[in-house]
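See below for work_20.cif, which holds mmCIF, C-alpha atoms.
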```cif
data_input
loop_
_atom_site.group_PDB
_atom_site.id
_atom_site.type_symbol
_atom_site.label_atom_id
_atom_site.label_comp_id
_atom_site.auth_asym_id
_atom_site.auth_seq_id
_atom_site.Cartn_x
_atom_site.Cartn_y
_atom_site.Cartn_z
ATOM 1 C CA MET A 1462 0.000 0.000 0.000
ATOM 2 C CA VAL A 1463 1.454 3.399 -0.989
ATOM 3 C CA LEU A 1464 0.709 6.273 1.364
ATOM 4 C CA GLY A 1465 -0.015 9.690 -0.086
ATOM 5 C CA PRO A 1466 1.100 12.982 1.426
ATOM 6 C CA SER A 1467 -0.075 13.655 4.958
ATOM 7 C CA ASN A 1468 -3.123 15.792 5.511
ATOM 8 C CA ALA A 1469 -0.938 18.292 7.364
ATOM 9 C CA LEU A 1470 1.370 18.722 4.380
ATOM 10 C CA ALA A 1471 -1.599 18.975 2.047
ATOM 11 C CA ARG A 1472 -3.019 21.824 4.109
ATOM 12 C CA ARG A 1473 0.180 23.874 4.233
ATOM 13 C CA PRO A 1474 0.119 27.103 2.204
ATOM 14 C CA PRO A 1475 2.788 27.408 -0.478
ATOM 15 C CA THR A 1476 6.125 28.973 0.401
ATOM 16 C CA PRO A 1477 6.405 32.479 -1.126
ATOM 17 C CA GLN A 1478 8.624 32.394 -4.193
ATOM 18 C CA ASN A 1479 11.245 34.839 -5.464
ATOM 19 C CA PHE A 1480 11.135 37.027 -2.327
ATOM 20 C CA ARG A 1481 13.418 39.958 -3.141
ATOM 21 C CA VAL A 1482 14.305 43.547 -2.279
ATOM 22 C CA THR A 1483 13.176 46.009 -4.939
ATOM 23 C CA ALA A 1484 14.186 49.338 -3.409
ATOM 24 C CA ALA A 1485 15.856 50.831 -0.338
ATOM 25 C CA THR A 1486 16.041 54.371 1.017
ATOM 26 C CA ALA A 1487 17.468 55.676 4.290
ATOM 27 C CA TYR A 1488 14.290 54.775 6.192
ATOM 28 C CA THR A 1489 12.371 52.270 4.006
ATOM 29 C CA VAL A 1490 12.864 48.962 2.217
ATOM 30 C CA SER A 1491 10.459 47.624 -0.440
ATOM 31 C CA VAL A 1492 10.138 43.901 -1.135
ATOM 32 C CA ALA A 1493 8.193 41.810 -3.661
ATOM 33 C CA TRP A 1494 7.390 38.156 -4.349
ATOM 34 C CA ASP A 1495 5.672 36.114 -7.026
ATOM 35 C CA PRO A 1496 1.857 35.723 -7.046
ATOM 36 C CA ALA A 1497 0.477 32.729 -5.189
ATOM 37 C CA PRO A 1498 -0.266 29.664 -7.353
ATOM 38 C CA ALA A 1499 -3.842 29.040 -8.406
ATOM 39 C CA ASN A 1500 -5.906 26.765 -6.163
ATOM 40 C CA SER A 1501 -3.502 27.227 -3.230
ATOM 41 C CA GLY A 1502 -6.216 27.837 -0.669
ATOM 42 C CA ASP A 1503 -6.887 30.905 1.414
ATOM 43 C CA PHE A 1504 -4.120 32.375 3.609
ATOM 44 C CA ASN A 1505 -2.348 35.558 4.643
ATOM 45 C CA TYR A 1506 1.273 36.554 4.240
ATOM 46 C CA HIS A 1507 3.240 37.365 7.407
ATOM 47 C CA LEU A 1508 6.255 39.639 6.980
ATOM 48 C CA SER A 1509 8.817 40.799 9.527
ATOM 49 C CA GLY A 1510 12.540 41.028 10.126
ATOM 50 C CA ALA A 1511 15.335 41.631 12.590
ATOM 51 C CA TYR A 1512 16.530 44.891 14.164
ATOM 52 C CA GLY A 1513 13.264 46.693 14.885
ATOM 53 C CA VAL A 1514 11.323 45.847 11.726
ATOM 54 C CA THR A 1515 7.568 46.391 12.129
ATOM 55 C CA PRO A 1516 5.638 43.186 11.250
ATOM 56 C CA ALA A 1517 2.855 43.190 8.662
ATOM 57 C CA ILE A 1518 0.044 40.800 7.720
ATOM 58 C CA LEU A 1519 -1.147 40.991 4.097
ATOM 59 C CA PRO A 1520 -3.842 39.165 2.104
ATOM 60 C CA LYS A 1521 -3.086 36.379 -0.357
ATOM 61 C CA ALA A 1522 -3.463 38.732 -3.333
ATOM 62 C CA ALA A 1523 -0.534 40.904 -2.173
ATOM 63 C CA THR A 1524 2.784 40.706 -4.025
ATOM 64 C CA SER A 1525 4.722 43.600 -2.449
ATOM 65 C CA HIS A 1526 5.248 45.537 0.758
ATOM 66 C CA THR A 1527 7.291 48.494 2.018
ATOM 67 C CA PHE A 1528 8.843 48.351 5.477
ATOM 68 C CA THR A 1529 8.971 51.827 7.040
ATOM 69 C CA ARG A 1530 10.488 53.440 10.159
ATOM 70 C CA LEU A 1531 13.868 51.852 9.574
ATOM 71 C CA HIS A 1532 17.241 53.472 10.275
ATOM 72 C CA PRO A 1533 19.864 54.658 7.780
ATOM 73 C CA SER A 1534 22.984 52.660 6.881
ATOM 74 C CA ASN A 1535 21.723 49.559 8.732
ATOM 75 C CA GLN A 1536 21.763 45.939 7.583
ATOM 76 C CA TYR A 1537 18.315 44.278 7.737
ATOM 77 C CA TRP A 1538 17.235 40.646 7.495
ATOM 78 C CA LEU A 1539 13.640 40.350 6.220
ATOM 79 C CA PHE A 1540 11.406 37.309 5.907
ATOM 80 C CA ILE A 1541 7.968 36.182 4.723
ATOM 81 C CA TYR A 1542 5.788 33.113 5.190
ATOM 82 C CA ALA A 1543 2.148 32.197 4.568
ATOM 83 C CA LYS A 1544 -0.319 31.112 7.249
ATOM 84 C CA ASN A 1545 -3.929 29.963 6.878
ATOM 85 C CA ALA A 1546 -6.869 30.234 9.276
ATOM 86 C CA GLY A 1547 -6.174 26.763 10.651
ATOM 87 C CA GLY A 1548 -2.704 27.795 11.763
ATOM 88 C CA ASP A 1549 -0.835 25.861 9.079
ATOM 89 C CA VAL A 1550 2.365 27.635 8.085
ATOM 90 C CA SER A 1551 4.394 27.550 4.873
ATOM 91 C CA GLY A 1552 8.129 27.532 4.544
ATOM 92 C CA GLN A 1553 9.926 30.831 5.020
ATOM 93 C CA ALA A 1554 11.650 32.975 2.422
ATOM 94 C CA SER A 1555 14.131 35.681 3.378
ATOM 95 C CA ALA A 1556 16.300 38.475 2.013
ATOM 96 C CA THR A 1557 18.906 40.862 3.354
ATOM 97 C CA THR A 1558 19.684 44.442 2.424
ATOM 98 C CA ARG A 1559 21.168 47.655 3.773
ATOM 99 C CA THR A 1560 19.407 50.992 4.002
ATOM 100 C CA VAL A 1561 21.274 53.913 2.462
ATOM 101 C CA LEU A 1562 22.916 56.940 4.050
ATOM 102 C CA ASP A 1563 20.588 59.822 4.895
ATOM 103 C CA THR A 1564 21.650 62.724 2.689
ATOM 104 C CA THR A 1565 18.405 64.742 2.796
ATOM 105 C CA THR A 1566 18.175 67.874 4.918
ATOM 106 C CA PRO A 1567 14.766 68.637 6.511
ATOM 107 C CA SER A 1568 13.000 71.075 4.236
ATOM 108 C CA THR A 1569 11.005 73.123 6.761
ATOM 109 C CA GLY A 1570 11.307 74.055 10.407
ATOM 110 C CA PRO A 1571 8.705 73.523 13.150
ATOM 111 C CA VAL A 1572 5.852 75.945 13.775
ATOM 112 C CA VAL A 1573 5.866 76.874 17.467
ATOM 113 C CA THR A 1574 2.890 77.595 19.736
ATOM 114 C CA VAL A 1575 3.142 78.909 23.305
ATOM 115 C CA THR A 1576 0.785 76.887 25.507
ATOM 116 C CA GLU A 1577 1.545 78.289 28.984
ATOM 117 C CA ILE A 1578 3.579 81.093 30.570
ATOM 118 C CA GLY A 1579 4.729 81.213 34.185
ATOM 119 C CA SER A 1580 7.075 83.414 36.142
ATOM 120 C CA ASN A 1581 10.102 81.187 35.477
ATOM 121 C CA TYR A 1582 8.986 78.841 32.687
ATOM 122 C CA VAL A 1583 7.317 78.742 29.274
ATOM 123 C CA ALA A 1584 5.545 75.704 27.804
ATOM 124 C CA LEU A 1585 5.784 75.180 24.047
ATOM 125 C CA SER A 1586 4.447 72.795 21.429
ATOM 126 C CA TRP A 1587 5.302 72.603 17.742
ATOM 127 C CA THR A 1588 4.516 70.905 14.469
ATOM 128 C CA PRO A 1589 7.014 68.383 13.058
ATOM 129 C CA ALA A 1590 9.717 69.567 10.714
ATOM 130 C CA GLN A 1591 9.219 68.157 7.210
ATOM 131 C CA ASP A 1592 11.690 65.377 6.408
ATOM 132 C CA ASP A 1593 11.859 61.751 5.268
ATOM 133 C CA CYS A 1594 13.187 60.775 8.708
ATOM 134 C CA PRO A 1595 10.469 59.428 11.061
ATOM 135 C CA PHE A 1596 12.715 59.874 14.099
ATOM 136 C CA LEU A 1597 13.420 63.595 14.269
ATOM 137 C CA SER A 1598 14.706 65.059 17.525
ATOM 138 C CA TYR A 1599 14.153 68.668 18.556
ATOM 139 C CA GLN A 1600 16.062 71.334 20.441
ATOM 140 C CA VAL A 1601 14.791 74.622 21.884
ATOM 141 C CA SER A 1602 17.016 77.707 21.808
ATOM 142 C CA VAL A 1603 16.572 80.766 24.019
ATOM 143 C CA ASN A 1604 17.894 84.068 22.706
ATOM 144 C CA GLY A 1605 19.885 82.135 20.103
ATOM 145 C CA SER A 1606 21.575 79.669 22.492
ATOM 146 C CA PRO A 1607 20.587 75.992 22.847
ATOM 147 C CA HIS A 1608 18.571 75.588 26.056
ATOM 148 C CA THR A 1609 17.251 72.018 26.008
ATOM 149 C CA SER A 1610 18.771 68.688 25.066
ATOM 150 C CA LEU A 1611 17.589 66.855 21.956
ATOM 151 C CA SER A 1612 14.236 65.114 22.433
ATOM 152 C CA PRO A 1613 11.765 63.344 20.122
ATOM 153 C CA ASN A 1614 8.846 65.107 21.833
ATOM 154 C CA LEU A 1615 6.809 67.778 20.050
ATOM 155 C CA SER A 1616 6.568 69.854 23.221
ATOM 156 C CA ALA A 1617 8.810 71.110 25.993
ATOM 157 C CA ILE A 1618 8.781 73.243 29.123
ATOM 158 C CA VAL A 1619 11.593 75.783 29.048
ATOM 159 C CA ARG A 1620 12.621 76.356 32.676
ATOM 160 C CA LEU A 1621 15.117 78.328 34.742
ATOM 161 C CA LEU A 1622 13.941 81.614 33.235
ATOM 162 C CA SER A 1623 13.783 84.947 35.084
ATOM 163 C CA PRO A 1624 10.462 86.617 36.009
ATOM 164 C CA GLU A 1625 9.236 89.612 34.010
ATOM 165 C CA THR A 1626 11.796 89.025 31.282
ATOM 166 C CA THR A 1627 11.318 88.859 27.508
ATOM 167 C CA TYR A 1628 12.839 85.930 25.633
ATOM 168 C CA SER A 1629 13.080 84.924 21.975
ATOM 169 C CA LEU A 1630 12.427 81.189 21.535
ATOM 170 C CA THR A 1631 13.139 79.013 18.491
ATOM 171 C CA VAL A 1632 12.975 75.281 17.787
ATOM 172 C CA ARG A 1633 14.728 73.173 15.155
ATOM 173 C CA GLY A 1634 14.798 69.463 14.369
ATOM 174 C CA ARG A 1635 17.614 67.037 13.564
ATOM 175 C CA ASP A 1636 17.356 63.796 11.584
ATOM 176 C CA GLU A 1637 19.395 60.600 11.940
ATOM 177 C CA GLY A 1638 21.795 61.802 9.275
ATOM 178 C CA ASN A 1639 22.683 64.691 11.649
ATOM 179 C CA HIS A 1640 21.070 67.237 9.335
ATOM 180 C CA TRP A 1641 19.395 70.173 11.058
ATOM 181 C CA SER A 1642 16.111 71.652 9.895
ATOM 182 C CA PRO A 1643 15.669 75.394 9.531
ATOM 183 C CA PHE A 1644 14.835 77.190 12.759
ATOM 184 C CA SER A 1645 11.225 77.937 13.484
ATOM 185 C CA ASP A 1646 10.153 81.549 13.302
ATOM 186 C CA PRO A 1647 11.157 83.164 16.621
ATOM 187 C CA VAL A 1648 8.472 83.507 19.267
ATOM 188 C CA SER A 1649 8.756 86.402 21.715
ATOM 189 C CA VAL A 1650 7.531 85.642 25.241
ATOM 190 C CA THR A 1651 7.569 87.700 28.441
ATOM 191 C CA THR A 1652 7.478 85.741 31.676
ATOM 192 C CA LEU A 1653 5.038 86.724 34.397
ATOM 193 C CA PRO A 1654 5.921 88.379 37.704
ATOM 194 C CA PRO A 1655 6.111 86.072 40.730
ATOM 195 C CA ASN A 1656 2.772 85.438 42.418
ATOM 196 C CA PRO A 1657 2.494 88.278 44.986
ATOM 197 C CA ASN A 1658 0.116 86.201 47.114
ATOM 198 C CA ASP A 1659 2.389 83.176 47.387
ATOM 199 C CA HIS A 1660 4.441 83.334 50.582
ATOM 200 C CA THR A 1661 4.298 79.680 51.637
ATOM 201 C CA PRO A 1662 6.921 77.160 50.515
ATOM 202 C CA PRO A 1663 6.010 73.703 49.263
ATOM 203 C CA THR A 1664 5.925 70.875 51.753
ATOM 204 C CA THR A 1665 9.268 69.276 52.537
ATOM 205 C CA PRO A 1666 9.916 66.284 50.255
ATOM 206 C CA ALA A 1667 8.781 63.176 52.128
ATOM 207 C CA ASN A 1668 10.158 59.628 52.257
ATOM 208 C CA LEU A 1669 13.657 60.627 51.209
ATOM 209 C CA SER A 1670 15.670 57.438 50.821
ATOM 210 C CA ALA A 1671 19.185 56.570 49.711
ATOM 211 C CA TYR A 1672 20.652 53.128 49.193
ATOM 212 C CA GLY A 1673 23.831 51.670 47.766
ATOM 213 C CA PHE A 1674 24.146 48.634 45.517
ATOM 214 C CA GLY A 1675 26.414 46.605 47.802
ATOM 215 C CA ASP A 1676 28.919 45.976 45.028
ATOM 216 C CA GLY A 1677 31.856 47.723 46.656
ATOM 217 C CA SER A 1678 31.265 51.028 44.879
ATOM 218 C CA THR A 1679 29.681 54.171 46.302
ATOM 219 C CA GLU A 1680 26.939 54.335 43.651
ATOM 220 C CA THR A 1681 23.775 55.508 45.405
ATOM 221 C CA GLN A 1682 20.167 55.852 44.323
ATOM 222 C CA VAL A 1683 18.139 58.658 45.895
ATOM 223 C CA SER A 1684 14.366 59.107 45.675
ATOM 224 C CA TRP A 1685 11.577 60.974 47.468
ATOM 225 C CA THR A 1686 7.851 61.649 47.421
ATOM 226 C CA GLN A 1687 6.932 64.834 45.584
ATOM 227 C CA SER A 1688 5.946 67.922 47.537
ATOM 228 C CA THR A 1689 2.683 69.837 47.265
ATOM 229 C CA ASP A 1690 2.156 73.604 47.101
ATOM 230 C CA ASP A 1691 -0.716 75.979 47.766
ATOM 231 C CA PHE A 1692 -0.492 77.558 44.289
ATOM 232 C CA ASP A 1693 1.793 75.575 41.994
ATOM 233 C CA ALA A 1694 1.129 72.244 40.334
ATOM 234 C CA GLN A 1695 3.533 69.482 41.332
ATOM 235 C CA SER A 1696 4.981 69.508 37.808
ATOM 236 C CA ASN A 1697 6.331 73.039 38.406
ATOM 237 C CA ILE A 1698 7.961 72.418 41.790
ATOM 238 C CA ARG A 1699 11.752 72.509 41.623
ATOM 239 C CA TYR A 1700 13.911 70.082 43.611
ATOM 240 C CA ASP A 1701 17.571 70.805 44.458
ATOM 241 C CA PHE A 1702 19.479 67.658 45.385
ATOM 242 C CA TYR A 1703 22.688 68.041 47.435
ATOM 243 C CA LEU A 1704 25.375 65.552 48.445
ATOM 244 C CA ASN A 1705 27.555 66.717 51.344
ATOM 245 C CA GLY A 1706 26.540 70.311 50.631
ATOM 246 C CA VAL A 1707 27.335 70.193 46.887
ATOM 247 C CA LEU A 1708 24.487 70.592 44.392
ATOM 248 C CA GLN A 1709 24.158 67.417 42.288
ATOM 249 C CA GLU A 1710 21.001 67.849 40.238
ATOM 250 C CA VAL A 1711 17.978 70.078 39.673
ATOM 251 C CA LEU A 1712 14.689 68.335 38.864
ATOM 252 C CA PHE A 1713 11.186 69.597 38.191
ATOM 253 C CA GLY A 1714 8.036 67.691 39.116
ATOM 254 C CA SER A 1715 9.817 64.451 39.888
ATOM 255 C CA GLY A 1716 10.930 62.319 42.799
ATOM 256 C CA ARG A 1717 12.390 59.657 40.521
ATOM 257 C CA PRO A 1718 15.498 57.791 41.558
ATOM 258 C CA SER A 1719 18.629 59.834 40.900
ATOM 259 C CA THR A 1720 22.058 58.242 40.829
ATOM 260 C CA VAL A 1721 24.992 59.823 42.623
ATOM 261 C CA TYR A 1722 28.459 58.611 43.646
ATOM 262 C CA ALA A 1723 28.984 59.219 47.338
ATOM 263 C CA GLU A 1724 32.232 59.202 49.307
ATOM 264 C CA PHE A 1725 33.586 56.474 51.559
ATOM 265 C CA GLY A 1726 32.463 57.210 55.092
ATOM 266 C CA GLU A 1727 29.435 59.270 56.130
ATOM 267 C CA ASN A 1728 27.400 61.097 53.481
ATOM 268 C CA THR A 1729 24.592 63.598 54.007
ATOM 269 C CA ILE A 1730 21.937 63.952 51.294
ATOM 270 C CA GLU A 1731 19.532 66.901 51.265
ATOM 271 C CA VAL A 1732 16.623 67.735 48.976
ATOM 272 C CA THR A 1733 14.670 71.005 49.010
ATOM 273 C CA ALA A 1734 11.490 71.980 47.129
ATOM 274 C CA THR A 1735 10.994 75.460 45.644
ATOM 275 C CA ASP A 1736 7.852 76.936 44.081
ATOM 276 C CA THR A 1737 7.679 79.402 41.185
ATOM 277 C CA ALA A 1738 7.503 82.341 43.615
ATOM 278 C CA GLY A 1739 10.902 81.358 45.030
ATOM 279 C CA ASN A 1740 9.691 79.959 48.359
ATOM 280 C CA THR A 1741 11.918 77.055 49.467
ATOM 281 C CA SER A 1742 10.974 74.287 51.858
ATOM 282 C CA ALA A 1743 13.010 73.038 54.784
ATOM 283 C CA PRO A 1744 15.391 70.349 53.543
ATOM 284 C CA ALA A 1745 14.679 66.659 53.726
ATOM 285 C CA THR A 1746 17.812 64.913 54.971
ATOM 286 C CA VAL A 1747 19.122 61.368 55.036
ATOM 287 C CA THR A 1748 22.549 59.920 55.932
ATOM 288 C CA ILE A 1749 24.244 56.972 54.264
ATOM 289 C CA PHE A 1750 27.546 55.252 55.155
ATOM 290 C CA PHE A 1751 30.061 53.450 52.940
#
```
Represent the structure from my file as structure tokens, please.
Amino acid sequence: MVLGPSNALARRPPTPQNFRVTAATAYTVSVAWDPAPANSGDFNYHLSGAYGVTPAILPKAATSHTFTRLHPSNQYWLFIYAKNAGGDVSGQASATTRTVLDTTTPSTGPVVTVTEIGSNYVALSWTPAQDDCPFLSYQVSVNGSPHTSLSPNLSAIVRLLSPETTYSLTVRGRDEGNHWSPFSDPVSVTTLPPNPNDHTPPTTPANLSAYGFGDGSTETQVSWTQSTDDFDAQSNIRYDFYLNGVLQEVLFGSGRPSTVYAEFGENTIEVTATDTAGNTSAPATVTIFF
């Protein structure tokens, strides 16, 4: 008696044929494959790849796809297989390629909107710069000098400003080819005077803790519970973090763990909270030994 092919093999969709790369840019790769054979059943194509490739599921009639949100000058391994509703899977076809160098400069700058003004801060939002890069980062300049670090966010709070002072603010973007966009049109903003009715400092930061990692180093993590204020939102409260009397970090609206390298022996850590009117709390203090 001669046995025919197993039912499982008979149900498997066909392996995609002639899977190939048809085009590559700095941030995209296009692939194609031959049409599915006639009478090959109903199934979907599953496409993906290594190094951050976004997967895709396409119908049987598809013969091409473009992977987006890739990175320039990177090698990518891409693959495809077919899968039917019963979970039966075909063989896999694959291809490799490299995206090209980004040589395109962003064509337009952001358009900036002021969303909030305080006595020592200004909140901004902006539209994306126009570019083929999907991963632009942005930097805010104050009076022509960079003021914030690069960030992918389309908004920022510009802090450490002086009350009743006029500033010129601009924003520009940078792509992964290190090309800068044009600056936005400058926005002129005058900060408000300090709140004349605010004479009470925020509460002292609570639950201040510091702990070492026990690995023989003096690396220390410090955290606390955020303060509250009678006028200011927690996001606008400033925290000054000191180690043995030396300022280590300034944070706004955060009690997140901060890392510091202490000294061998006794170390004193202090954290104060300050509102936008300049009222400063009594310090929270904790001691740690190494």
Translate the PyMOL selection byres ((chain A and resi 1607) around 12) into a concrete residue list for this structure, as a list in words. Tyr1599, Gln1600, Val1601, Ser1602, Val1603, Asn1604, Gly1605, Ser1606, His1608, Thr1609, Ser1610, Leu1611, Val1619, Ser1629, Leu1630, Thr1631, Val1632, Arg1633 and Phe1644 of chain A
Taking the file as shown, find all residues satisfying the PyMOL selection byres ((chain A and resi 1590) around 10) and write them as a PyMOL selection string. chain A and resi 1567-1572+1587-1589+1591-1594+1597-1599+1615+1632-1636+1641-1645
List as a list in words the protein and nucleic acid residues near A:His1526, meaning an atom at most 9 Å away when all atoms listed in the file are counted, but skip any in the same chain fewer than 6 places from it.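 These residues fall inside the cut-off: Val1490, Ser1491, Val1492, Ala1493, Leu1508, Ala1517 and Leu1519 of chain A.
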Hey, could you make a per-residue contact list for stretch 1563-1675 of chain A against stretch 1529-1543 of chain A with 9 Å as the cut-off, showing the nearest pair of atoms and its distance in Å to one decimal, counting all atoms listed in the file, sorted by chain and number, as JSON lines?
```
{"residue": "A:Asp1563", "atom": "CA", "partner": "A:Pro1533", "partner_atom": "CA", "distance": 6.0}
{"residue": "A:Cys1594", "atom": "CA", "partner": "A:Arg1530", "partner_atom": "CA", "distance": 7.9}
{"residue": "A:Pro1595", "atom": "CA", "partner": "A:Arg1530", "partner_atom": "CA", "distance": 6.1}
{"residue": "A:Phe1596", "atom": "CA", "partner": "A:Arg1530", "partner_atom": "CA", "distance": 7.9}
{"residue": "A:Glu1637", "atom": "CA", "partner": "A:Pro1533", "partner_atom": "CA", "distance": 7.3}
{"residue": "A:Gly1638", "atom": "CA", "partner": "A:Pro1533", "partner_atom": "CA", "distance": 7.5}
```
Calculate how many Å separate atom CA of A:Thr1515 from atom CA of A:Ser1555, rounding to one decimal.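 Computing it gives 15.3 Å between the two atoms.
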Assuming the chain letters and numbering stay as they are in my file, what does the PyMOL selection byres ((chain A and resi 1719-1728) around 7) actually select? List them as a PyMOL selection string. chain A and resi 1679-1684+1705+1717-1718+1729-1730+1748-1751
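Taking atom CA of A:Ser1696 as the reference point, atom CA of A:Ser1715 is found at 7.3 Å.
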As an exercise, work out the distance from atom CA of A:Tyr1512 to atom CA of A:Pro1613 in Å and give it to one decimal place.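 Straight-line distance from atom CA of A:Tyr1512 to atom CA of A:Pro1613 works out to 20.0 Å.
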Restricting the calculation to all atoms listed in the file, which member of A:Arg1559, A:His1640, A:Arg1620, A:Lys1521 is positioned closest to A:Leu1585?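 Answer, going by the shortest atom-to-atom distance: A:Arg1620.
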Using all atoms listed in the file, which of A:Phe1692, A:Tyr1582, A:Trp1494, A:Phe1674 sits nearest A:Asn1656?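 Ranked by minimum distance to A:Asn1656, first place goes to A:Phe1692.
Nearest to A:Pro1655 of all the residues A:Gly1716, A:Pro1496, A:Pro1474, A:Pro1624 is A:Pro1624, based on only C-alpha atoms.
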So that I can check the surroundings of A:Asn1581, please list as a PDB file with C-alpha atoms, keeping the file's coordinate frame every protein, DNA and RNA residue that reaches within 12 Å of it, counting all atoms listed in the file and ignoring chain neighbours fewer than 5 positions away.
```pdb
ATOM      1  CA  ILE A1618       8.781  73.243  29.123  1.00  0.00           C
ATOM      2  CA  VAL A1619      11.593  75.783  29.048  1.00  0.00           C
ATOM      3  CA  ARG A1620      12.621  76.356  32.676  1.00  0.00           C
ATOM      4  CA  LEU A1621      15.117  78.328  34.742  1.00  0.00           C
ATOM      5  CA  LEU A1622      13.941  81.614  33.235  1.00  0.00           C
ATOM      6  CA  SER A1623      13.783  84.947  35.084  1.00  0.00           C
ATOM      7  CA  PRO A1624      10.462  86.617  36.009  1.00  0.00           C
ATOM      8  CA  GLU A1625       9.236  89.612  34.010  1.00  0.00           C
ATOM      9  CA  THR A1626      11.796  89.025  31.282  1.00  0.00           C
ATOM     10  CA  THR A1627      11.318  88.859  27.508  1.00  0.00           C
ATOM     11  CA  TYR A1628      12.839  85.930  25.633  1.00  0.00           C
ATOM     12  CA  VAL A1650       7.531  85.642  25.241  1.00  0.00           C
ATOM     13  CA  THR A1651       7.569  87.700  28.441  1.00  0.00           C
ATOM     14  CA  THR A1652       7.478  85.741  31.676  1.00  0.00           C
ATOM     15  CA  LEU A1653       5.038  86.724  34.397  1.00  0.00           C
ATOM     16  CA  PRO A1654       5.921  88.379  37.704  1.00  0.00           C
ATOM     17  CA  PRO A1655       6.111  86.072  40.730  1.00  0.00           C
ATOM     18  CA  ASN A1656       2.772  85.438  42.418  1.00  0.00           C
ATOM     19  CA  ASP A1693       1.793  75.575  41.994  1.00  0.00           C
ATOM     20  CA  ASN A1697       6.331  73.039  38.406  1.00  0.00           C
ATOM     21  CA  ILE A1698       7.961  72.418  41.790  1.00  0.00           C
ATOM     22  CA  ARG A1699      11.752  72.509  41.623  1.00  0.00           C
ATOM     23  CA  PHE A1713      11.186  69.597  38.191  1.00  0.00           C
ATOM     24  CA  THR A1735      10.994  75.460  45.644  1.00  0.00           C
ATOM     25  CA  ASP A1736       7.852  76.936  44.081  1.00  0.00           C
ATOM     26  CA  THR A1737       7.679  79.402  41.185  1.00  0.00           C
ATOM     27  CA  ALA A1738       7.503  82.341  43.615  1.00  0.00           C
ATOM     28  CA  GLY A1739      10.902  81.358  45.030  1.00  0.00           C
TER      29      GLY A1739
END
```
Which residues, written as an MDAnalysis selection string, have at least one atom at most 12 Å from A:Ser1501, with all atoms listed in the file counted and residues fewer than 4 positions away on the same chain left out? chainID A and resid 1471:1477 1496:1497 1505 1521:1522 1543:1545 1551
Shortest interatomic distance to A:Gly1548 - which of A:Val1732, A:Phe1504, A:Thr1664, A:Ser1612, counting only C-alpha atoms: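 So, comparing all the options, the nearest one is A:Phe1504.
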A:Thr1665, A:Val1583, A:Asp1676, A:Ala1694: which is nearest A:Glu1731, counting all atoms listed in the file?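 Smallest separation from A:Glu1731 among the options: A:Thr1665.
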Which residue gives the smallest distance to A:Ala1546 among A:Val1573, A:Asn1668, A:Pro1498, A:Pro1520, with all atoms listed in the file counted? A:Pro1520
Using all atoms listed in the file, which protein or nucleic acid residues come within 6 Å of A:Tyr1700? Drop anything in the same chain fewer than 2 positions from it, and give the result as a PyMOL selection string. chain A and resi 1711-1712+1733-1734
